[in-house]
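*Asks:* Dropping in final_23.txt, which is compact mmCIF, C-alpha atoms:
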```txt
# COMPACT_ATOMS: atom_id res chain seq x y z
CA MET A 1 -1.49 9.65 -21.67
CA ARG A 2 1.74 9.02 -19.81
CA GLU A 3 1.80 6.50 -16.99
CA ILE A 4 4.23 6.66 -14.08
CA ILE A 5 5.96 3.35 -13.38
CA ALA A 6 6.82 3.32 -9.70
CA ALA A 7 9.88 1.62 -8.29
CA PRO A 8 9.01 -2.10 -7.93
CA THR A 9 11.32 -2.37 -4.92
CA PRO A 10 12.19 0.36 -2.42
CA GLY A 11 15.85 0.62 -3.38
CA LEU A 12 15.02 1.66 -6.94
CA ASP A 13 13.32 4.84 -5.75
CA LEU A 14 16.30 7.15 -6.29
CA ARG A 15 14.17 10.19 -5.61
CA ARG A 16 13.52 9.05 -2.07
CA HIS A 17 17.06 7.86 -1.42
CA TYR A 18 19.11 10.51 -3.18
CA GLY A 19 16.79 13.37 -4.07
CA HIS A 20 17.13 12.67 -7.80
CA HIS A 21 14.17 14.54 -9.20
CA GLN A 22 12.96 11.80 -11.54
CA THR A 23 10.62 8.83 -11.86
CA PRO A 24 12.05 5.32 -12.38
CA ALA A 25 10.20 4.90 -15.68
CA ILE A 26 7.31 6.28 -17.71
CA ARG A 27 5.10 4.40 -20.16
CA ALA A 28 3.72 6.39 -23.10
CA GLY A 29 2.81 5.66 -26.69
CA GLY A 30 3.62 1.96 -26.35
CA LEU A 31 7.16 2.64 -25.12
CA ILE A 32 8.82 2.70 -21.70
CA PHE A 33 11.37 5.42 -21.00
CA CYS A 34 13.65 4.58 -18.07
CA SER A 35 15.75 6.94 -16.01
CA GLY A 36 19.48 6.22 -16.17
CA MET A 37 20.04 3.06 -14.12
CA VAL A 38 23.06 2.67 -11.86
CA ALA A 39 24.30 -0.05 -9.51
CA VAL A 40 22.19 0.37 -6.41
CA ASN A 41 20.85 -2.39 -4.21
CA PRO A 42 17.21 -2.85 -5.26
CA GLU A 43 16.06 -3.32 -1.66
CA THR A 44 18.16 -0.86 0.32
CA GLY A 45 19.13 1.64 -2.38
CA GLU A 46 22.73 1.43 -1.24
CA ARG A 47 25.30 2.24 -3.93
CA GLU A 48 27.25 -0.81 -5.02
CA HIS A 49 30.43 0.50 -6.57
CA GLY A 50 32.50 -2.24 -8.12
CA THR A 51 34.02 -3.34 -11.37
CA VAL A 52 32.42 -2.59 -14.72
CA THR A 53 31.25 -6.21 -14.66
CA SER A 54 29.65 -6.14 -11.21
CA GLU A 55 28.02 -2.75 -11.76
CA ALA A 56 26.65 -3.72 -15.19
CA ARG A 57 25.30 -6.97 -13.79
CA ARG A 58 23.47 -5.15 -11.00
CA ILE A 59 22.14 -2.60 -13.50
CA PHE A 60 20.71 -5.27 -15.79
CA GLU A 61 19.13 -7.08 -12.83
CA ASN A 62 17.55 -3.81 -11.70
CA LEU A 63 16.27 -3.10 -15.21
CA LYS A 64 14.81 -6.61 -15.32
CA LEU A 65 12.90 -5.92 -12.10
CA LEU A 66 11.70 -2.55 -13.35
CA LEU A 67 10.66 -3.66 -16.84
CA GLU A 68 9.03 -6.91 -15.73
CA SER A 69 7.02 -5.06 -13.08
CA SER A 70 5.36 -3.15 -15.89
CA GLY A 71 4.76 -6.03 -18.28
CA SER A 72 7.88 -5.57 -20.41
CA SER A 73 11.24 -7.37 -20.34
CA LEU A 74 14.90 -7.09 -21.31
CA ASP A 75 14.20 -8.69 -24.67
CA ARG A 76 11.88 -5.79 -25.49
CA LEU A 77 14.67 -3.23 -25.14
CA ILE A 78 14.76 -0.90 -28.14
CA GLN A 79 17.62 1.48 -27.51
CA VAL A 80 20.43 1.62 -24.98
CA HIS A 81 22.88 4.39 -24.24
CA ALA A 82 25.61 2.35 -22.59
CA MET A 83 27.39 4.94 -20.49
CA ILE A 84 30.83 4.01 -19.26
CA TYR A 85 33.39 6.02 -17.32
CA ASP A 86 36.23 5.16 -19.73
CA ARG A 87 36.19 3.45 -23.11
CA ILE A 88 39.17 1.37 -22.11
CA GLU A 89 36.69 -1.00 -20.42
CA TYR A 90 34.59 -1.40 -23.58
CA ASP A 91 35.39 -5.10 -24.03
CA VAL A 92 34.72 -5.82 -20.35
CA LEU A 93 31.31 -4.21 -20.68
CA ASN A 94 30.51 -6.17 -23.82
CA ARG A 95 31.28 -9.52 -22.16
CA LEU A 96 28.70 -8.92 -19.46
CA TYR A 97 26.27 -7.06 -21.71
CA ARG A 98 25.83 -9.84 -24.26
CA GLN A 99 24.75 -12.23 -21.51
CA TYR A 100 21.66 -10.16 -20.85
CA VAL A 101 20.59 -9.44 -24.44
CA PRO A 102 21.72 -12.57 -26.32
CA ASN A 103 19.16 -12.45 -29.14
CA ALA A 104 18.17 -9.55 -31.41
CA PRO A 105 19.80 -7.06 -29.03
CA PRO A 106 18.60 -3.45 -28.89
CA ALA A 107 20.19 -0.58 -30.83
CA ARG A 108 23.08 0.82 -28.81
CA THR A 109 25.47 3.72 -28.58
CA VAL A 110 28.33 3.51 -26.10
CA MET A 111 29.09 6.86 -24.50
CA SER A 112 32.05 7.59 -22.27
CA VAL A 113 30.61 10.20 -19.97
CA GLN A 114 31.01 11.34 -16.41
CA ILE A 115 28.53 9.38 -14.30
CA GLU A 116 27.11 10.30 -10.90
CA ALA A 117 28.76 9.31 -7.65
CA GLY A 118 31.83 7.85 -9.30
CA PHE A 119 29.95 4.95 -10.84
CA LYS A 120 31.66 3.21 -13.73
CA VAL A 121 28.50 2.29 -15.68
CA MET A 122 25.02 3.66 -16.29
CA LEU A 123 22.43 2.34 -18.74
CA ASP A 124 19.91 4.75 -20.22
CA VAL A 125 17.24 2.66 -21.95
CA ILE A 126 13.98 2.73 -23.89
CA ALA A 127 11.90 -0.46 -24.14
CA ALA A 128 8.70 -1.48 -25.88
CA ALA A 129 5.86 -1.80 -23.40
CA MET B 1 -1.93 6.23 -42.98
CA THR B 2 1.04 8.39 -43.92
CA LEU B 3 3.41 8.97 -41.05
CA GLN B 4 4.25 12.62 -40.96
CA ARG B 5 6.86 14.67 -39.23
CA ASP B 6 6.25 18.35 -38.39
CA VAL B 7 8.86 20.97 -37.61
CA ILE B 8 8.16 22.94 -34.43
CA ALA B 9 9.47 26.45 -33.91
CA PRO B 10 8.92 28.41 -30.68
CA LYS B 11 6.48 31.34 -30.88
CA ASN B 12 9.00 33.72 -29.36
CA PRO B 13 11.64 33.89 -32.08
CA ALA B 14 14.34 34.62 -29.52
CA PHE B 15 14.14 30.97 -28.46
CA ASP B 16 14.60 29.72 -32.01
CA MET B 17 18.16 28.41 -31.85
CA SER B 18 18.17 27.38 -35.45
CA ARG B 19 17.64 30.97 -36.53
CA ASN B 20 19.54 32.92 -33.88
CA LEU B 21 22.50 30.61 -33.50
CA ASN B 22 22.38 29.69 -37.20
CA LEU B 23 22.21 25.97 -36.48
CA PRO B 24 21.02 23.32 -38.96
CA LEU B 25 18.49 21.79 -36.62
CA SER B 26 14.82 22.17 -35.82
CA SER B 27 13.90 23.18 -32.28
CA ALA B 28 11.64 20.15 -32.17
CA ILE B 29 9.98 17.60 -34.42
CA ARG B 30 6.52 16.19 -33.79
CA ALA B 31 6.00 12.70 -35.22
CA GLY B 32 3.54 10.05 -34.16
CA ALA B 33 2.77 10.15 -30.45
CA PHE B 34 5.87 12.15 -29.50
CA ILE B 35 7.71 15.42 -29.73
CA PHE B 36 11.48 15.17 -29.94
CA VAL B 37 13.21 18.34 -28.72
CA SER B 38 16.76 19.36 -29.59
CA GLY B 39 19.22 19.89 -26.77
CA MET B 40 18.35 23.31 -25.35
CA VAL B 41 20.89 25.67 -23.84
CA ALA B 42 20.45 28.88 -21.85
CA ILE B 43 19.13 31.51 -24.26
CA ASP B 44 18.74 35.22 -23.60
CA PRO B 45 15.01 35.86 -24.23
CA SER B 46 15.65 39.29 -25.72
CA SER B 47 18.71 38.75 -27.89
CA GLY B 48 18.35 35.06 -28.66
CA GLU B 49 22.05 34.56 -27.91
CA ARG B 50 23.56 31.87 -25.72
CA MET B 51 23.65 32.98 -22.10
CA HIS B 52 26.61 31.97 -19.99
CA GLY B 53 26.34 31.88 -16.23
CA THR B 54 26.27 29.53 -13.30
CA VAL B 55 24.91 26.02 -13.75
CA ALA B 56 21.84 27.08 -11.76
CA ALA B 57 21.17 30.08 -14.02
CA GLU B 58 21.81 28.12 -17.21
CA THR B 59 19.56 25.27 -16.04
CA ARG B 60 16.77 27.76 -15.40
CA GLN B 61 17.10 29.44 -18.79
CA ALA B 62 17.41 26.17 -20.69
CA LEU B 63 14.23 24.83 -19.05
CA ILE B 64 12.39 28.07 -19.81
CA ALA B 65 13.41 27.68 -23.45
CA LEU B 66 12.39 24.02 -23.40
CA ALA B 67 8.96 24.87 -21.99
CA GLN B 68 8.48 27.44 -24.77
CA VAL B 69 9.27 24.92 -27.48
CA LEU B 70 6.90 22.32 -26.00
CA GLU B 71 4.11 24.88 -25.76
CA ALA B 72 4.59 25.82 -29.40
CA ALA B 73 4.06 22.14 -30.19
CA GLY B 74 0.84 22.02 -28.17
CA SER B 75 2.55 20.10 -25.38
CA SER B 76 4.05 21.09 -22.03
CA LEU B 77 6.59 20.13 -19.37
CA THR B 78 3.89 18.05 -17.65
CA LYS B 79 3.76 15.83 -20.74
CA ALA B 80 7.52 15.22 -20.83
CA VAL B 81 8.30 11.52 -20.66
CA LYS B 82 12.10 11.60 -20.76
CA ILE B 83 14.67 14.30 -20.18
CA ASN B 84 18.41 14.02 -20.70
CA VAL B 85 20.59 16.57 -18.96
CA LEU B 86 24.18 17.06 -20.05
CA ILE B 87 26.38 19.04 -17.65
CA TYR B 88 29.96 20.10 -18.24
CA SER B 89 30.87 18.60 -14.84
CA MET B 90 29.00 16.20 -12.58
CA LEU B 91 30.37 18.10 -9.58
CA GLU B 92 27.59 20.59 -10.33
CA TYR B 93 24.79 18.02 -10.21
CA ASN B 94 23.14 19.49 -7.11
CA ASN B 95 23.15 23.01 -8.55
CA MET B 96 21.30 21.70 -11.58
CA ASN B 97 18.91 19.48 -9.58
CA GLU B 98 17.79 22.23 -7.20
CA VAL B 99 16.61 24.44 -10.06
CA TYR B 100 15.28 21.51 -12.08
CA ARG B 101 12.87 20.44 -9.34
CA GLU B 102 11.12 23.84 -9.54
CA PHE B 103 10.01 23.07 -13.07
CA PHE B 104 8.54 19.65 -12.32
CA PRO B 105 6.55 20.00 -9.10
CA ASP B 106 4.45 16.84 -9.64
CA GLU B 107 5.45 13.45 -11.00
CA PRO B 108 8.67 14.40 -12.80
CA PRO B 109 9.53 12.56 -16.02
CA SER B 110 12.24 9.94 -16.33
CA ARG B 111 15.69 11.47 -16.55
CA THR B 112 19.32 10.68 -17.23
CA VAL B 113 22.07 13.08 -16.21
CA CYS B 114 25.68 12.77 -17.30
CA GLY B 115 28.82 14.84 -17.74
CA ALA B 116 29.95 15.66 -21.26
CA ARG B 117 31.72 18.41 -23.19
CA LEU B 118 29.22 20.82 -24.71
CA SER B 119 29.28 23.24 -27.63
CA GLY B 120 29.52 27.01 -27.44
CA GLY B 121 30.87 27.06 -23.89
CA SER B 122 27.48 26.12 -22.46
CA LYS B 123 27.57 24.41 -19.08
CA VAL B 124 24.17 22.70 -19.38
CA GLU B 125 22.21 21.26 -22.27
CA ILE B 126 18.77 19.69 -21.83
CA GLU B 127 16.89 17.57 -24.37
CA CYS B 128 13.47 16.04 -24.08
CA ILE B 129 10.93 13.60 -25.47
CA ALA B 130 7.34 14.57 -24.67
CA LEU B 131 3.87 13.38 -25.57
CA ALA B 132 2.30 15.33 -28.39
CA MET C 1 -4.71 1.44 -25.28
CA THR C 2 -3.06 -1.93 -24.62
CA ARG C 3 -1.95 -2.86 -28.15
CA ARG C 4 1.54 -4.22 -27.87
CA LEU C 5 4.01 -2.87 -30.42
CA SER C 6 6.00 -5.40 -32.36
CA ARG C 7 9.75 -5.04 -32.49
CA SER C 8 12.03 -6.19 -35.30
CA VAL C 9 15.68 -5.92 -36.29
CA ILE C 10 16.83 -3.79 -39.24
CA GLU C 11 20.01 -4.75 -41.06
CA PRO C 12 21.79 -2.88 -43.84
CA VAL C 13 21.47 -4.30 -47.35
CA ASN C 14 25.23 -3.78 -47.73
CA PRO C 15 26.78 -6.41 -45.42
CA LYS C 16 29.99 -4.36 -45.10
CA LEU C 17 28.01 -1.83 -43.08
CA ASN C 18 26.75 -4.43 -40.61
CA VAL C 19 29.19 -3.57 -37.83
CA SER C 20 27.09 -5.45 -35.25
CA ARG C 21 27.67 -8.69 -37.12
CA ASN C 22 31.14 -8.06 -38.52
CA ALA C 23 32.65 -6.98 -35.21
CA ASN C 24 30.51 -9.45 -33.25
CA LEU C 25 29.01 -6.76 -31.04
CA PRO C 26 25.94 -7.13 -28.83
CA HIS C 27 23.71 -4.69 -30.66
CA SER C 28 21.48 -4.68 -33.71
CA PRO C 29 22.13 -2.14 -36.45
CA GLY C 30 18.60 -0.87 -35.96
CA ILE C 31 15.34 -1.74 -34.28
CA ARG C 32 11.91 -1.01 -35.72
CA VAL C 33 9.14 -0.57 -33.17
CA GLY C 34 5.70 0.74 -34.04
CA GLU C 35 6.13 3.85 -36.20
CA TYR C 36 9.78 4.39 -35.31
CA ILE C 37 13.24 3.14 -36.15
CA PHE C 38 16.06 3.45 -33.62
CA LEU C 39 19.60 3.11 -35.01
CA SER C 40 22.74 2.11 -33.16
CA GLY C 41 25.56 4.66 -33.17
CA MET C 42 27.35 4.69 -36.52
CA GLY C 43 30.83 5.77 -37.54
CA PRO C 44 32.82 6.36 -40.74
CA VAL C 45 32.94 2.76 -41.98
CA ASP C 46 34.04 2.26 -45.57
CA PRO C 47 31.12 0.69 -47.48
CA ILE C 48 33.48 -1.22 -49.78
CA THR C 49 36.09 -2.58 -47.39
CA GLY C 50 34.16 -2.49 -44.12
CA GLY C 51 37.18 -0.81 -42.54
CA ARG C 52 37.30 2.63 -41.00
CA ASN C 53 37.68 5.75 -43.14
CA LEU C 54 39.61 8.07 -40.91
CA GLY C 55 40.45 11.33 -42.57
CA PRO C 56 39.47 14.93 -41.99
CA ILE C 57 36.43 15.31 -39.77
CA ALA C 58 34.26 16.63 -42.61
CA GLU C 59 34.84 13.46 -44.60
CA GLN C 60 34.21 11.25 -41.58
CA ILE C 61 30.87 12.98 -41.01
CA ARG C 62 29.89 12.69 -44.66
CA GLN C 63 30.75 8.99 -44.71
CA THR C 64 28.83 8.35 -41.51
CA LEU C 65 25.74 10.13 -42.82
CA ARG C 66 25.92 8.31 -46.15
CA ASN C 67 26.07 5.06 -44.19
CA MET C 68 23.13 6.18 -42.09
CA ALA C 69 21.14 6.95 -45.25
CA HIS C 70 21.83 3.42 -46.47
CA MET C 71 20.82 1.92 -43.14
CA LEU C 72 17.54 3.83 -43.05
CA GLU C 73 16.78 3.05 -46.69
CA SER C 74 17.40 -0.63 -45.95
CA GLY C 75 14.56 -0.28 -43.42
CA GLY C 76 12.22 1.57 -45.79
CA SER C 77 13.01 4.99 -44.33
CA GLY C 78 15.46 7.78 -45.22
CA LEU C 79 17.47 10.72 -43.89
CA ASP C 80 14.51 13.04 -44.38
CA ARG C 81 12.43 10.93 -41.99
CA ILE C 82 14.83 11.33 -39.08
CA VAL C 83 13.10 13.01 -36.14
CA LYS C 84 15.94 13.13 -33.63
CA ILE C 85 19.66 12.71 -34.16
CA ASN C 86 22.51 12.69 -31.67
CA ILE C 87 26.09 13.44 -32.59
CA VAL C 88 29.10 12.58 -30.50
CA LEU C 89 32.30 14.33 -31.60
CA GLY C 90 35.72 13.34 -30.36
CA ASP C 91 36.62 17.03 -30.17
CA ILE C 92 34.11 19.82 -29.51
CA GLN C 93 36.28 22.15 -31.60
CA HIS C 94 34.91 20.35 -34.66
CA TYR C 95 31.43 21.67 -33.96
CA ASP C 96 31.46 24.50 -36.53
CA GLU C 97 32.90 22.27 -39.24
CA MET C 98 30.29 19.63 -38.43
CA ASN C 99 27.51 22.21 -38.88
CA ARG C 100 28.84 23.16 -42.32
CA VAL C 101 28.75 19.56 -43.51
CA TRP C 102 25.40 18.98 -41.84
CA ARG C 103 23.55 21.37 -44.14
CA GLU C 104 24.59 19.27 -47.15
CA PHE C 105 22.61 16.34 -45.79
CA PHE C 106 19.75 18.16 -44.08
CA PRO C 107 19.06 21.20 -46.25
CA VAL C 108 15.37 21.52 -45.35
CA ASP C 109 13.44 20.86 -42.10
CA PRO C 110 16.41 19.27 -40.31
CA PRO C 111 15.78 16.86 -37.43
CA ALA C 112 15.93 17.82 -33.77
CA ARG C 113 19.50 17.36 -32.61
CA THR C 114 21.85 17.19 -29.65
CA THR C 115 25.64 17.34 -29.92
CA CYS C 116 28.32 16.68 -27.34
CA ALA C 117 31.96 15.65 -27.26
CA LEU C 118 33.16 12.49 -25.59
CA GLN C 119 36.07 10.11 -25.78
CA LEU C 120 35.65 7.87 -28.87
CA SER C 121 37.42 4.66 -29.93
CA ASN C 122 39.75 3.62 -32.71
CA GLY C 123 40.58 7.14 -33.80
CA ASN C 124 36.97 7.84 -34.83
CA GLY C 125 36.19 11.53 -34.86
CA VAL C 126 32.44 11.08 -34.79
CA GLU C 127 29.59 8.75 -33.86
CA ILE C 128 26.00 9.42 -34.83
CA GLU C 129 22.73 7.74 -33.79
CA CYS C 130 19.15 8.58 -34.66
CA ILE C 131 15.44 7.96 -34.28
CA ALA C 132 13.48 8.03 -37.54
CA LEU C 133 9.96 7.43 -38.76
CA GLY C 134 9.48 4.14 -40.53
CA ALA C 135 8.18 3.73 -44.07
CA ALA C 136 5.51 6.20 -45.11
CA ASN C 137 2.83 3.54 -45.36
CA ILE C 138 3.03 0.56 -43.08
CA PRO C 139 0.37 -1.90 -42.02
CA GLU C 140 -0.86 -1.83 -38.41
CA SER C 141 1.62 -3.47 -36.05
CA ARG C 142 0.37 -6.59 -34.29
```
Please rewrite the model in this file as structure tokens.

*Replies:*
Amino acid sequence: MREIIAAPTPGLDLRRHYGHHQTPAIRAGGLIFCSGMVAVNPETGEREHGTVTSEARRIFENLKLLLESSGSSLDRLIQVHAMIYDRIEYDVLNRLYRQYVPNAPPARTVMSVQIEAGFKVMLDVIAAA
Amino acid sequence: MTLQRDVIAPKNPAFDMSRNLNLPLSSAIRAGAFIFVSGMVAIDPSSGERMHGTVAAETRQALIALAQVLEAAGSSLTKAVKINVLIYSMLEYNNMNEVYREFFPDEPPSRTVCGARLSGGSKVEIECIALA
Amino acid sequence: MTRRLSRSVIEPVNPKLNVSRNANLPHSPGIRVGEYIFLSGMGPVDPITGGRNLGPIAEQIRQTLRNMAHMLESGGSGLDRIVKINIVLGDIQHYDEMNRVWREFFPVDPPARTTCALQLSNGNGVEIECIALGAANIPESR
């Protein structure tokens, strides 16, 4: 059985705000599969473009809200695709990133891809339920 | 209990990329609770060759191919838990999204979309994890 | 079913291949959860020096896959238990060459796979990550 995890706060419902045809997260088989998270305000859904640091911070805070609403947490992250607009900001990303997963961090691949709406960062994650 | 992994091939051989495109991959692998599907591209259902067209057309054909592979595994698009869409350019996001929504009328799975360079001149590639 | 899966870190037996630790990066080489193992992206690290082996793309891919085999074996798994593998090439033109090398490592029942090309670091031509099944016989997770 797969279980839909609804947006815990209105701003994280990207389908309603932007027409993204996706669910914030799905729980199945003991894992939680999250849609790619970007820097939006969790209440209003407004895009918060900024530096790699500010966007990554907002993303982690949003993931915390989402995962904790379904009984999981950041320390149960399994795999992260850390998507960044340009690898030149790799070290900047790492400085912020390590603050949120200080112990036994998840497996990770950094991918320099084109991200929606000109965002600099997106995190695509799987967590243990 | 021995953990086993099973190779899944689509029933319609035209959608079997490993055979028709001579690629060293399995269309999908079933293991444990999940089915892991290879990135699917637009495939011509008669020739089995890559189809090149608009992002909308390629999205449609890739999702048709994906649905075929899931059905061969005893699953379906309604059991998809996570989809990753790679597009050659994020400028074409809406063209992809408009077709995509036709395939997931209720409770769509989680999804990540990003822009990347793809093989074989394909404009869209779609991979999936689904419940077995 | 509300059984909570346990999660643990996998590290390579060969410390030279522990890029997470050696480069002080915020990731684990691999995470085991339930029946699965998820590996961080790996590149052509030299198993003797710990430095990068940058040569022709075919050699980089072979080195990366040998390293991946070691990583999985360190966790009680192996290349033949990979279910899904993702390849990032620095140059999509290397796709055909990559496929030739690939068959050497996955001759039978290859894993599901997705390939794309993206900007990579440090002159690497390839980065590969995977999801694999854990050891063939494991006790129930608590």

*Asks:* Draw an axis-aligned box over all listed atoms of segment 46-52 of chain B, pad each side with 5 Å, and write its centre and edge lengths in Å, one decimal, as AutoDock Vina command-line options.

*Replies:*
```
--center_x 21.1 --center_y 35.6 --center_z -24.3 --size_x 21.0 --size_y 17.4 --size_z 18.7
```

*Asks:* At a cut-off of 12 Å, list the chain A residues touching chain B, using all atoms listed in the file, as a ChimeraX atom specification.

*Replies:* /A:1-7,13-15,18-38,80-85,111-126

*Asks:* Would you mind telling me which residue in C:Gly34, C:Pro44, C:Pro12, C:Gly90 lies nearest to Leu120 of chain C when using all atoms listed in the file?

*Replies:*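 Closest residue, counting all atoms listed in the file: C:Gly90.
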
*Asks:* What is the atom CA of Glu46 of chain A-atom CA of Gln99 of chain A distance in Å, reported with one decimal?

*Replies:*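 Taking atom CA of Glu46 of chain A and atom CA of Gln99 of chain A, their separation equals 24.5 Å.
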
*Asks:* Show me, as number ranges by chain, the residues that have an atom within 9 Å of segment 67-72 of chain C when counting all atoms listed in the file, minus same-chain residues fewer than 3 positions from it.

*Replies:* C: 10-14, 17, 29-30, 37, 39, 42-47, 62-64, 75-79, 81-82, 128-130, 132, 134

*Asks:* Go ahead and compute the interatomic distance for atom CA of Asp75 of chain A and atom CA of Asn103 of chain A, in Å to one decimal.

*Replies:* 7.7 Å

*Asks:* Please determine the contact residues of chain C with respect to chain B at a cut-off of 6 Å, counting only C-alpha atoms, and supply them as a PDB file with C-alpha atoms, in the coordinates of the input.

*Replies:*
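Result file follows (out15.pdb):
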```
ATOM      1  CA  VAL C  83      13.100  13.010 -36.140  1.00  0.00           C
ATOM      2  CA  PRO C 110      16.410  19.270 -40.310  1.00  0.00           C
ATOM      3  CA  PRO C 111      15.780  16.860 -37.430  1.00  0.00           C
ATOM      4  CA  ALA C 112      15.930  17.820 -33.770  1.00  0.00           C
ATOM      5  CA  ARG C 113      19.500  17.360 -32.610  1.00  0.00           C
ATOM      6  CA  THR C 114      21.850  17.190 -29.650  1.00  0.00           C
ATOM      7  CA  CYS C 116      28.320  16.680 -27.340  1.00  0.00           C
ATOM      8  CA  ALA C 117      31.960  15.650 -27.260  1.00  0.00           C
ATOM      9  CA  ALA C 136       5.510   6.200 -45.110  1.00  0.00           C
ATOM     10  CA  ASN C 137       2.830   3.540 -45.360  1.00  0.00           C
TER      11      ASN C 137
END
```

*Asks:* Using all atoms listed in the file, find each residue of chain C with at least one atom at most 9 Å away from an atom of chain A; report its shortest atom-to-atom pair and that distance in Å (one decimal), sort the rows by chain and rising residue number, and return the result as a Markdown table.

*Replies:*
```
| residue | atom | partner | partner_atom | distance |
| --- | --- | --- | --- | --- |
| C:Met1 | CA | A:Gly30 | CA | 8.4 |
| C:Thr2 | CA | A:Gly30 | CA | 7.9 |
| C:Arg3 | CA | A:Gly30 | CA | 7.6 |
| C:Arg4 | CA | A:Ala129 | CA | 6.7 |
| C:Leu5 | CA | A:Gly30 | CA | 6.3 |
| C:Ser6 | CA | A:Ala128 | CA | 8.0 |
| C:Arg7 | CA | A:Arg76 | CA | 7.4 |
| C:Ser8 | CA | A:Ala104 | CA | 8.0 |
| C:Val9 | CA | A:Ala104 | CA | 6.6 |
| C:Leu25 | CA | A:Asn94 | CA | 7.4 |
| C:Pro26 | CA | A:Arg98 | CA | 5.3 |
| C:His27 | CA | A:Pro105 | CA | 4.9 |
| C:Ser28 | CA | A:Ala107 | CA | 5.2 |
| C:Pro29 | CA | A:Ala107 | CA | 6.1 |
| C:Gly30 | CA | A:Ala107 | CA | 5.4 |
| C:Ile31 | CA | A:Ala107 | CA | 6.1 |
| C:Arg32 | CA | A:Ile78 | CA | 8.1 |
| C:Val33 | CA | A:Ala128 | CA | 7.4 |
| C:Gly34 | CA | A:Gly30 | CA | 8.1 |
| C:Phe38 | CA | A:Ala107 | CA | 6.4 |
| C:Leu39 | CA | A:Ala107 | CA | 5.6 |
| C:Ser40 | CA | A:Ala107 | CA | 4.4 |
| C:Gly41 | CA | A:Thr109 | CA | 4.7 |
| C:Met42 | CA | A:Thr109 | CA | 8.2 |
| C:Val88 | CA | A:Met111 | CA | 8.3 |
| C:Leu118 | CA | A:Ser112 | CA | 6.0 |
| C:Gln119 | CA | A:Ser112 | CA | 5.9 |
| C:Leu120 | CA | A:Arg87 | CA | 7.3 |
| C:Ser121 | CA | A:Arg87 | CA | 7.0 |
| C:Glu127 | CA | A:Thr109 | CA | 8.4 |
| C:Ile128 | CA | A:Thr109 | CA | 8.5 |
| C:Glu129 | CA | A:Thr109 | CA | 7.1 |
```

*Asks:* Name the closest residue to Gly53 of chain B among the candidates B:Met17, B:Cys128, B:Ser122, B:Pro10; distances are taken between atoms, counting all atoms listed in the file.

*Replies:*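 Distance minimum relative to Gly53 of chain B lands on B:Ser122.
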
*Asks:* How many Å separate atom CA of Thr115 of chain C from atom CA of Pro13 of chain B?

*Replies:*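 One can read the atom CA of Thr115 of chain C to atom CA of Pro13 of chain B distance as 21.8 Å.
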
*Asks:* For Glu58 of chain B, list every protein, DNA or RNA residue within 10 Å, evaluated using all atoms listed in the file, and leave out those in the same chain fewer than 2 positions away; present the list as a PyMOL selection string.

*Replies:* chain B and resi 41-43+50-56+60-64+96+99+122-125

*Asks:* Considering only C-alpha atoms, can you say which of B:Gln68, B:Ala57, B:Glu49, B:Asp44 comes closest to Asn12 of chain B?

*Replies:*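 Smallest distance to Asn12 of chain B is found for B:Gln68.
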
*Asks:* With distances taken over all atoms listed in the file, which of B:Val85, B:Leu21, B:Leu70, B:Ala14 is nearest to Ser46 of chain B?

*Replies:*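 Between B:Val85, B:Leu21, B:Leu70, B:Ala14, the residue approaching Ser46 of chain B most closely is B:Ala14.
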
*Asks:* Return segment 71-80 of chain C, completed with N, CA and C atoms, as a PDB file, keeping the file's coordinate frame.

*Replies:*
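The result, written out as result-v1.pdb:
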```pdb
ATOM      1  N   MET C  71      21.454   2.720 -44.189  1.00  0.00           N
ATOM      2  CA  MET C  71      20.820   1.920 -43.140  1.00  0.00           C
ATOM      3  C   MET C  71      19.322   2.195 -43.083  1.00  0.00           C
ATOM      4  N   LEU C  72      18.957   3.471 -43.131  1.00  0.00           N
ATOM      5  CA  LEU C  72      17.540   3.830 -43.050  1.00  0.00           C
ATOM      6  C   LEU C  72      16.793   3.341 -44.296  1.00  0.00           C
ATOM      7  N   GLU C  73      17.430   3.504 -45.450  1.00  0.00           N
ATOM      8  CA  GLU C  73      16.780   3.050 -46.690  1.00  0.00           C
ATOM      9  C   GLU C  73      16.601   1.546 -46.682  1.00  0.00           C
ATOM     10  N   SER C  74      17.545   0.828 -46.083  1.00  0.00           N
ATOM     11  CA  SER C  74      17.400  -0.630 -45.950  1.00  0.00           C
ATOM     12  C   SER C  74      16.158  -0.972 -45.128  1.00  0.00           C
ATOM     13  N   GLY C  75      15.746  -0.053 -44.261  1.00  0.00           N
ATOM     14  CA  GLY C  75      14.560  -0.280 -43.420  1.00  0.00           C
ATOM     15  C   GLY C  75      13.324   0.424 -43.955  1.00  0.00           C
ATOM     16  N   GLY C  76      13.382   0.908 -45.193  1.00  0.00           N
ATOM     17  CA  GLY C  76      12.220   1.570 -45.790  1.00  0.00           C
ATOM     18  C   GLY C  76      12.044   3.019 -45.378  1.00  0.00           C
ATOM     19  N   SER C  77      13.109   3.592 -44.780  1.00  0.00           N
ATOM     20  CA  SER C  77      13.010   4.990 -44.330  1.00  0.00           C
ATOM     21  C   SER C  77      14.036   5.819 -45.108  1.00  0.00           C
ATOM     22  N   GLY C  78      14.492   6.926 -44.545  1.00  0.00           N
ATOM     23  CA  GLY C  78      15.460   7.780 -45.220  1.00  0.00           C
ATOM     24  C   GLY C  78      15.891   8.915 -44.317  1.00  0.00           C
ATOM     25  N   LEU C  79      16.945   9.620 -44.719  1.00  0.00           N
ATOM     26  CA  LEU C  79      17.470  10.720 -43.890  1.00  0.00           C
ATOM     27  C   LEU C  79      16.397  11.764 -43.614  1.00  0.00           C
ATOM     28  N   ASP C  80      15.508  11.983 -44.585  1.00  0.00           N
ATOM     29  CA  ASP C  80      14.510  13.040 -44.380  1.00  0.00           C
ATOM     30  C   ASP C  80      13.384  12.617 -43.444  1.00  0.00           C
TER      31      ASP C  80
END
```
